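The structure appears below as structure tokens.
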Number of protein chains: 2
Amino acid sequence: MKKAGILGGGQLGRMLLQSAANYPVETFVMESSRDCPAASLCHHFTVGNKADFEDVYHFGKNLDVITVEIENVNVEALEKLETEGVVVIPSCKALKIIKNKIFQKNHFKDNQTPTSDHLVVRSMEELKQNSSFFPAVQKLATGGYDGRGVALINSIDDVENGFDEDSILEKKINIKKELAVIVAVDRNMNYTSYPVTEMVFNNNLNLLDYQFCPADIDADIFTKATAVAEKSVLAFESPGLFAVELFLDINNNILVNEIAPRVHNSGHHTIEVSVCSQFDMLMRIMLDYPLGNTQTNCFSSLINIVGNAGISGNVVYSGIEDILKIPGCYIHIYGKSKVKPGRKMGHITIVGNNKEEVKNKTKDVKGKIFVKSSD
Amino acid sequence: MKKAGILGGGQLGRMLLQSAANYPVETFVMESSRDCPAASLCHHFTVGNKADFEDVYHFGKNLDVITVEIENVNVEALEKLETEGVVVIPSCKALKIIKNKIFQKNHFKDNQTPTSDHLVVRSMEELKQNSSFFPAVQKLATGGYDGRGVALINSIDDVENGFDEDSILEKKINIKKELAVIVAVDRNMNYTSYPVTEMVFNNNLNLLDYQFCPADIDADIFTKATAVAEKSVLAFESPGLFAVELFLDINNNILVNEIAPRVHNSGHHTIEVSVCSQFDMLMRIMLDYPLGNTQTNCFSSLINIVGNAGISGNVVYSGIEDILKIPGCYIHIYGKSKVKPGRKMGHITIVGNNKEEVKNKTKDVKGKIFVKSSD
């Protein structure tokens with residue numbers, strides 16, 4: 001039986017382990033604390049620091065295959081494991097490029113992947129010198145995650161909100177829609193992708209409101225988004241499951257924003273709408289099985305259950321019964337013991353046979369779930 | 001967070017735990033050995049004897065809700081737990097009736113549930129005295145499982161193959177088809193059922209060949225089978241998930257063969273074909289959530305992966321890649337370390353948009369998977 005490891009024990013690992021239980025595989029997880037979503041669903045749990053060479057190397061050295069739940073891991077240890085015969089998915093080469101936004105952006109340019117114009121800036125001083133490039137978005141080269149490490153620099157007045165570190169400065173583009181495509185590549189470089197998903201934003205709060213799939217876009221844009229996503233992923237020449245975040249600009253250009261080399265929030269609805277979910281797919285890739293079917297025959301939306309501002313402590317949920325009462329609503333609670341502002345605690349998938357029905361239900365559902373603290 | 005326990009750590013518990021991970025629930029499993037399919041997927045695992053009063057009572061006493069993976073458990077301990085406020089699903093009353101085939105059959109008769117005629121026989125001597133009732137099927141009142149505890153008594157010559165114990169003797173009926181319906185009842189006695197499934201037998205070997213859903217029967221028989229199954233389950237006045245095994249006789253009568261008060265092999269395809277699987281459904285019932293959707297929009301078959309005669313020892317699988325190559329094929333390996341003749345090691349679900357395609361693929365798949373021993 002193959003030994004498969006996951007660096008990271010969060011919700012992505014948890015859902016991956018739910019799929020792993022369909023296959024003959026012994027599962028290993030490493031996370032900094034045993035109080036994490038994936039700890040109760042694996043055969044072997046190790047407490048360790050994902051950024052530490054020794055911890056990662058010792059965790060991985062007896063495994064057949066290893067994957068990551070987050071980009072911010074010690075790639076040097078993974079490289080040593082790779083040379084010693086452990087299959088690393090995605091490849092260390094791909095991981096090294098993707099985890100540094102400067103390398104990632106240069107890789108897009110080198111491979112004719114359409115993306116926004118950018119400059120590399122290494123200090124706040126350099127940022128200021130490039131004011132002719134504003135309005136722009138500054139992103140830290142490394143360490144950014146879930147919206148952290150990103151600063152909007154509309155004018156010289158915003159420079160003080162910028163970063164004094166290695167970063168990229170992306171020309172601000174006029175976005176019509178944000179899209180995402182999950183692309184799967186097996187160990188023989190066969191590939192497939194899931195239908196395009198759309199991120200629907202709340203314009204007042206400038207926050208993700210919900211995700212919708214298949215994206216509400218014209219067929220030619222759908223085809224173009226899929227093609228751009230697949231091409232951008234294949235350029236990494238690595239097996240794995242990749243989430244490609246795309247911008248559709250006001251001129252109907254498709255631009256790659258960034259790529260995550262792992263299962264991703266934008267693919268969680270595949271658990272319900274695709275017989276082969278993104279998690280099943282990654283497990284198949286890890287175990288060197290053929291790719292699964294990505295077809296979807298329905299409409300779906302996805303709402304993240306996130307800790308609100310001011311709520312911290314032991315988590316309590318209310319409203320789950322009300323949501324499950326609505327036909328086509330499915331809930332996933334990640335098993336985190338503590339809620340914190342902005343923390344992803346779970347998600348809700350809404351499935352239906354027509355677009356309007358799903359969108360209406362989505363609005364209905366949003367006001368029904370409450371994440372509270374019992375403290 | 002509710003504490004939910006499962007008596008039994010086999011494949012049914014394993015698949016139930018895969019679904020449990022979507023909900024805010026702390027999971028507990030008791031099984032006689034840690035080397036069992038469910039041990040790696042729960043929060044807390046206890047080694048214990050399911051038939052022992054003390055073991056069951058101590059396992060259950062701090063739980064909010066408990067269910068069973070097998071009927072053969074210590075119901076007296078569950079009754080004590082029930083009086084102390086632990087929710088037992090199915091109810092102890094239902095469990096006591098169902099786990100004894102004499103009680104179960106009498107319950108059918110008392111509730112006008114259509115079933116084959118029967119006698120109670122308590123010894124081989126009594127069996128012989130009832131030769132006018134032959135051809136018949138003798139079934140042990142308790143302890144039968146997966147085909148064990150059943151004897152075919154066609155004539156007086158077969159009496160020596162019968163049982164010298166409490167049992168029922170069922171009039172042999174002329175079966176056209178064997179069907180199954182999964183019925184779910186929530187804690188407020190709301191109910192729903194899944195589409196009728198058909199057991200397709202290999203007439204040469206007299207063994208289950210595969211399961212097919214929705215059953216290949218006329219609409220009126222489909223409706224009748226569903227109604228009979230629902231009525232037979234509701235007569236137990238218990239929440240739970242129940243698998244009703246039915247006979248369709250040559251006169252198109254629907255007769256209840258027996259009922260399992262738990263998730264069941266005949267419902268495994270619901271993982272792929274229903275957004276709410278039988279496992280998700282039982283979890284919802286345990287946590288007092290609304291029932292899920294049982295609708296199915298496709299055809300499916302299910303093949304059990306069973307240890308062949310003469311194969312015992314550490315298990316090795318071959319052919320998984322070949323099966324996953326076929327579009328619409330999904331595999332579930334139960335994580336048992338040892339194979340034994342007749343032991344259920346996993347199953348394969350085949351999904352498609354038309355009946356013939358699924359049936360043809362099923363034939364194709366059957367010859368592709370091999371369970372071997374590495375010893």
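Every chain in the structure tokens has a letter given in the order shown (A, B, ...), and although residue numbers restart at 1 in each chain, ligands are simply numbered from 1 in the order shown.
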Residues of chain B within 6 Å of chain A, counting only C-alpha atoms, what are they? List them as a ChimeraX atom specification. /B:18,22-24,40-43,289-290,321,324-325,332-333
Can you list, as JSON, numbers by chain, every residue of range 9-78 of chain B that DSSP puts in helix (DSSP H, G or I)? {"B": [11, 12, 13, 14, 15, 16, 17, 18, 19, 20, 39, 40, 41, 53, 54, 55, 56, 57, 58, 59, 60, 75, 76, 77, 78]}
Taking the chain letters and numbering used in this document, name the residues of range 276-374 of chain B that DSSP puts in strand (DSSP E), as a VMD selection string. chain B and resid 299 to 306 313 to 318 329 to 333 338 to 339 344 to 352 370 to 373
So that I have them on file, write out the residues from the current selection with C-alpha atoms, as a compact mmCIF listing (two decimals), in the first residue's frame.
```
# COMPACT_ATOMS: atom_id res chain seq x y z
CA PHE B 299 -28.11 4.81 -14.17
CA SER B 300 -25.62 2.97 -12.04
CA SER B 301 -24.39 -0.45 -11.12
CA LEU B 302 -22.37 -1.71 -8.21
CA ILE B 303 -19.99 -4.64 -8.02
CA ASN B 304 -18.63 -5.93 -4.73
CA ILE B 305 -14.93 -6.70 -4.55
CA VAL B 306 -14.88 -9.94 -2.59
CA GLY B 313 -3.54 -13.24 3.90
CA ASN B 314 -2.21 -9.72 3.39
CA VAL B 315 -4.17 -8.15 0.58
CA VAL B 316 -2.82 -6.80 -2.70
CA TYR B 317 -5.02 -5.30 -5.41
CA SER B 318 -4.38 -5.25 -9.11
CA CYS B 329 -16.05 3.95 -12.86
CA TYR B 330 -15.40 4.69 -9.19
CA ILE B 331 -13.64 2.49 -6.70
CA HIS B 332 -13.93 2.17 -2.95
CA ILE B 333 -11.34 0.07 -1.17
CA LYS B 338 -6.25 -9.14 5.24
CA VAL B 339 -8.26 -10.85 2.54
CA LYS B 344 -16.02 -7.77 1.21
CA MET B 345 -12.86 -5.79 0.43
CA GLY B 346 -14.35 -2.92 -1.53
CA HIS B 347 -16.79 -2.05 -4.26
CA ILE B 348 -16.94 -0.46 -7.68
CA THR B 349 -19.68 1.92 -8.80
CA ILE B 350 -20.35 2.41 -12.49
CA VAL B 351 -22.32 5.48 -13.54
CA GLY B 352 -23.76 6.32 -16.95
CA PHE B 370 -8.03 -8.95 -8.80
CA VAL B 371 -7.68 -9.34 -5.08
CA LYS B 372 -4.59 -11.32 -4.22
CA SER B 373 -2.62 -12.26 -1.17
```
Fewer than 2 positions away in the same chain doesn't count, so skip those; otherwise give me all residues within 8 Å of range 112-120 of chain B, counting only C-alpha atoms, as number ranges by chain. B: 102, 105, 108-110, 122, 166-173, 228, 231-232, 254-257
Residues within 6 Å of range 176-178 of chain A, only C-alpha atoms, excluding chain neighbours under 6 positions, as a PyMOL selection string: chain A and resi 198-199+246-250
Show me, as a PyMOL selection string, the residues that have an atom within 8 Å of Ile285 in chain A when counting only C-alpha atoms, minus same-chain residues fewer than 6 positions from it. chain A and resi 185-187+239-240+291
Give me the residues within 9 Å of Pro195 in chain B as a PyMOL selection string, counting only C-alpha atoms and dropping any in the same chain fewer than 6 places off. chain B and resi 180-182+213-215+222+226+294-296
Could you name the residues that touch Asn62 in chain B at 9 Å or less, counting only C-alpha atoms, but leaving out those on the same chain fewer than 2 positions away, as number ranges by chain? B: 3, 58-60, 64, 86
Can you tell me how far CA of Asn106 in chain A sits from CA of Thr67 in chain A, in Å to one decimal? 24.1 Å
For each of B:Glu76, B:Asp157, B:Glu245, B:Glu258, take the minimum atom-to-atom distance to Pro135 in chain B, counting only C-alpha atoms, then give the residue where this is smallest. B:Asp157
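You can rank B:Val56, B:Ala235, B:Val365, B:Met189 by their closest distance to His107 in chain B using only C-alpha atoms, and at the top of that list sits B:Ala235.
Of the residues listed (B:Ile369, B:Val137, B:Val200, B:Leu7), B:Val137 shows the shortest atom-to-atom separation from Gly149 in chain B; distances use only C-alpha atoms.
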For Asn72 in chain A, which of A:Glu357, A:Asp52, A:Asp216, A:Asp35 is the closest residue, counting only C-alpha atoms?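 Among A:Glu357, A:Asp52, A:Asp216, A:Asp35, it is A:Asp52 that comes nearest to Asn72 in chain A.
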Interatomic distance (Å, one decimal) between CA of Ala219 in chain B and CA of Asn174 in chain B: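 So the two atoms, CA of Ala219 in chain B and CA of Asn174 in chain B, lie 21.1 Å apart.
Picture a line from CA of Gly85 in chain B to CA of Met30 in chain B; it runs 19.5 Å.
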